[in-house]
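What follows is a short report on a single structure.
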Amino acid sequence: MEKIINPFLIKGYAGKELFCDREQELDILYKNVCNGVDTTLISPRRIGKTGLILRFFDYLKEKAWGECVYVDIYASRNLEDLVRLLAEAILLKFPEKTNIGKRFMTFLKGLRPLIGYDALTGEPQVQIVYQMAQEKENTLKGVLDFLDSQNVNIVLAIDEFQQITEYPEQNMEALLRTYIQQLKNIRFIFSGSQRAMMLEIFSNANRPFFASTQYLAIEKIQQDVYATFITDLFERYGKQIDPNCVAEILNWSRRHTFYTQSLCNRIFAMGTSHVTTEQVKWACSDLLERNEPVFLQYRQLLTPIQWNFLIAIAKEHEVKQISAQHFISKYGIGSPANARRLAKAMIEKELVLETVDKTGVTYQVYDVFFSRWLEREY
């Protein structure tokens with residue numbers, strides 16, 4: 001493993017020492033796989049679900065519990081892409097030099113694939129040519145059956161699972177559900193960042209995956225837990241940071257994992273031995289300046305009404321009643337119906353985050369840095 005220069009990671013996973021909390025979520029996942037229960041894992045983007053999955057894989061490795069395969073299907077467009085990504089994920093997990101890898105290569109050769117390796121990353125690349133649509137379905141079933149036949153417990157995590165609803169194949173959910181029901185040695189984690197669609201897949205009684213999993217929603221890390229983690233990590237690398245600075249970091253980044261980590265990463269990179277409030281403020285401003293070209297591009301893609309709607313939400317930090325008269329009057333949004341239409345459009349564009357809890361619905365600008373920039377500029 002490479003030496004960590006900056007311990008505040010903003011991508012990937014580098015061991016439990018640099019991973020904050022999620023003990024309760026790990027326990028739930030572990031109990032699920034041990035009891036033969038598949039899991040639907042839901043969280044907003046950049047809150048840490050992929051990191052949690054990789055931490056869970058590490059956790060299972062510590063306990064010598066089977067094998068783990070991770071596949072991100074966000075970039076997939078159809079069944080063919082799904083099969084390709086799954087095959088590449090298996091080859092990445094089980095290289096040809098391993099026993100399972102050798103057997104999988106033998107299985108793949110029967111499909112006459114083109115197998116190569118990325119020149120930069122060294123990761124496997126698989127291309128399979130199909131003569132008929134039925135062959136794609138048979139190959140998917142064959143890949144899953146292969147994993148199931150290895151006489152070892154396997155956790156297969158499929159990230160951004162809601163993507164299958166975009167495939168042109170009409171029967172994808174039914175097809176997958178039929179195949180998965182027949183597997184005995186594979187436990188699935190279906191993770192996704194589009195909450196509404198994930199719930200539609202797994203909670204709609206008219207869809208194939210209805211009531212087939214247990215839900216696990218990832219929330220923000222608790223303030224005191226995250227504060228201790230940040231303080232300890234700075235101190236471990238010989239840097240002091242005052243409690244008020246840590247509180248400012250967590251407040252400004254709203255404890256949204258990616259943005260909190262990014263801010264801590266920027267502060268750590270400054271090289272100071274004692275972090276001050278002024279340095280935290282400078283780092284916040286610097287991050288906004290670096291991202292400003294992206295934010296300005298957003299404006300070119302939105303109508304003036306949509307842009308003003310985002311400004312309104314950013315100014316409020318969060319909005320509980322999107323169609324309330326005081327909100328739409330204060331920001332000239334128009335009618336309650338117009339506010340609802342704008343909210344729906346911005347949620348679909350993933351520019352507004354809709355959060356549902358026991359207290360009701362909350363709306364925020366999805367990107368915390370974008371929200372802070374709008375607050376500052378307008």
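Quick note on naming: the chains in the structure tokens go A, B, ... in the order shown, residues restart at 1 in each chain, and ligands are numbered from 1 in order of appearance.
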
Tell me, counting only C-alpha atoms, for each residue of stretch 196-248 of chain A within 10 Å of stretch 278-301 of chain A, which pair of atoms is nearest and how far apart they are in Å to one decimal, in rows ordered by chain and increasing number, as CSV.
residue,atom,partner,partner_atom,distance
A:Cys245,CA,A:Val280,CA,6.8
A:Val246,CA,A:Val280,CA,8.9
A:Glu248,CA,A:Val280,CA,7.7

> What lies within 8 Å of A:Cys68 using only C-alpha atoms, ignoring chain neighbours under 3 positions off, as a list in words?
Replying inline: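 In the requested form, the answer reads Phe57, Lys93, Ile154, Val155, Leu156 and Ala157 of chain A.
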
Go ahead and write the selection's residues with N, CA and C atoms as a CSV table (one decimal), in the first residue's frame.
chain,number,residue,atom,x,y,z
A,57,PHE,N,-15.9,-4.8,3.4
A,57,PHE,CA,-15.1,-5.9,2.8
A,57,PHE,C,-13.9,-6.2,3.7
A,93,LYS,N,-10.9,-9.0,-8.8
A,93,LYS,CA,-10.9,-9.6,-7.5
A,93,LYS,C,-10.1,-10.9,-7.5
A,154,ILE,N,-19.7,-15.6,-0.7
A,154,ILE,CA,-19.3,-14.4,-1.5
A,154,ILE,C,-20.3,-13.3,-1.2
A,155,VAL,N,-19.8,-12.1,-1.0
A,155,VAL,CA,-20.7,-10.9,-1.0
A,155,VAL,C,-20.4,-10.1,-2.3
A,156,LEU,N,-21.5,-9.9,-3.0
A,156,LEU,CA,-21.5,-9.2,-4.3
A,156,LEU,C,-22.2,-7.8,-4.1
A,157,ALA,N,-21.4,-6.8,-4.1
A,157,ALA,CA,-22.0,-5.4,-3.9
A,157,ALA,C,-22.1,-4.8,-5.3

How close does stretch 42-89 of chain A get to stretch 28-37 of chain A? List, as a Markdown table, each residue of stretch 42-89 of chain A within 9 Å, its nearest atom pair and the distance in Å to one decimal, counting only C-alpha atoms.
| residue | atom | partner | partner_atom | distance |
| --- | --- | --- | --- | --- |
| A:Phe56 | CA | A:Leu29 | CA | 7.7 |
| A:Tyr59 | CA | A:Tyr30 | CA | 8.6 |
| A:Leu60 | CA | A:Tyr30 | CA | 7.8 |

Just to be explicit: take each residue in the selection above, keep N, CA and C atoms, and write the result as a short mmCIF file (atom, residue, chain, number, x, y, z; two decimals), in the first residue's frame.
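Printed below is result_0.cif as written:
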data_model
loop_
_atom_site.label_atom_id
_atom_site.label_comp_id
_atom_site.auth_asym_id
_atom_site.auth_seq_id
_atom_site.Cartn_x
_atom_site.Cartn_y
_atom_site.Cartn_z
N PHE A 56 -16.47 -2.51 4.85
CA PHE A 56 -17.13 -3.76 5.22
C PHE A 56 -16.38 -4.96 4.63
N TYR A 59 -13.57 -5.51 6.83
CA TYR A 59 -14.11 -6.08 8.08
C TYR A 59 -14.31 -7.59 7.92
N LEU A 60 -14.87 -8.01 6.80
CA LEU A 60 -15.08 -9.44 6.53
C LEU A 60 -13.75 -10.17 6.36
#

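In this model, the gap between atom CA of A:Glu348 and atom CA of A:Gln194 comes to 9.4 Å.
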
> Which residues come within 7 Å of stretch 359-365 of chain A, counting only C-alpha atoms, excluding same-chain residues fewer than 3 positions away, as a ChimeraX atom specification?
Replying inline: /A:310,313-314,317-320,351-356,368,371

>> Taking only C-alpha atoms into account, name the residue in A:Pro304, A:Gly122, A:Gly51, A:Gly66 that is nearest to A:Leu147.
In response: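 Closest residue, counting only C-alpha atoms: A:Gly66.
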
> Smallest atom-to-atom distance to A:Met197: which of A:Glu25, A:Glu123, A:Glu17, A:Glu160, using only C-alpha atoms?
Replying inline: A:Glu160

> So which residues of stretch 141-360 of chain A fall under helix (DSSP H, G or I) by DSSP, listed as number ranges by chain?
Replying inline: A: 141-148, 161-166, 172-181, 195-203, 223-236, 243-253, 257-269, 277-301, 304-316, 325-330, 336-348

>> I'd like to know which of A:Tyr130, A:Phe188, A:Phe209, A:Phe229 is closest to A:Thr39, using only C-alpha atoms.
In response: A:Phe188

>> Please return, as a ChimeraX atom specification, all residues of stretch 122-165 of chain A that DSSP assigns to strand (DSSP E) on the basis of the backbone.
In response: /A:124-127,154-159

How would the residues just chosen look if you wrote them out with N, CA and C atoms as a PDB file, in the first residue's frame?
ATOM      1  N   PRO A 124      -8.415  -5.256 -15.651  1.00  0.00           N
ATOM      2  CA  PRO A 124      -8.872  -6.050 -16.795  1.00  0.00           C
ATOM      3  C   PRO A 124     -10.003  -5.382 -17.560  1.00  0.00           C
ATOM      4  N   GLN A 125     -10.031  -5.621 -18.867  1.00  0.00           N
ATOM      5  CA  GLN A 125     -11.096  -5.132 -19.726  1.00  0.00           C
ATOM      6  C   GLN A 125     -11.614  -6.307 -20.549  1.00  0.00           C
ATOM      7  N   VAL A 126     -12.916  -6.502 -20.538  1.00  0.00           N
ATOM      8  CA  VAL A 126     -13.527  -7.660 -21.189  1.00  0.00           C
ATOM      9  C   VAL A 126     -14.531  -7.195 -22.237  1.00  0.00           C
ATOM     10  N   GLN A 127     -14.457  -7.800 -23.406  1.00  0.00           N
ATOM     11  CA  GLN A 127     -15.450  -7.534 -24.451  1.00  0.00           C
ATOM     12  C   GLN A 127     -15.959  -8.873 -24.976  1.00  0.00           C
ATOM     13  N   ILE A 154     -19.719 -15.574  -0.747  1.00  0.00           N
ATOM     14  CA  ILE A 154     -19.344 -14.385  -1.509  1.00  0.00           C
ATOM     15  C   ILE A 154     -20.344 -13.268  -1.245  1.00  0.00           C
ATOM     16  N   VAL A 155     -19.825 -12.061  -1.019  1.00  0.00           N
ATOM     17  CA  VAL A 155     -20.655 -10.860  -0.976  1.00  0.00           C
ATOM     18  C   VAL A 155     -20.446 -10.129  -2.296  1.00  0.00           C
ATOM     19  N   LEU A 156     -21.518  -9.911  -3.020  1.00  0.00           N
ATOM     20  CA  LEU A 156     -21.460  -9.176  -4.282  1.00  0.00           C
ATOM     21  C   LEU A 156     -22.181  -7.846  -4.096  1.00  0.00           C
ATOM     22  N   ALA A 157     -21.411  -6.758  -4.108  1.00  0.00           N
ATOM     23  CA  ALA A 157     -21.978  -5.415  -3.945  1.00  0.00           C
ATOM     24  C   ALA A 157     -22.129  -4.771  -5.316  1.00  0.00           C
ATOM     25  N   ILE A 158     -23.354  -4.415  -5.663  1.00  0.00           N
ATOM     26  CA  ILE A 158     -23.631  -3.745  -6.934  1.00  0.00           C
ATOM     27  C   ILE A 158     -23.980  -2.296  -6.627  1.00  0.00           C
ATOM     28  N   ASP A 159     -23.070  -1.393  -6.964  1.00  0.00           N
ATOM     29  CA  ASP A 159     -23.239   0.029  -6.652  1.00  0.00           C
ATOM     30  C   ASP A 159     -24.001   0.734  -7.768  1.00  0.00           C
TER      31      ASP A 159
END
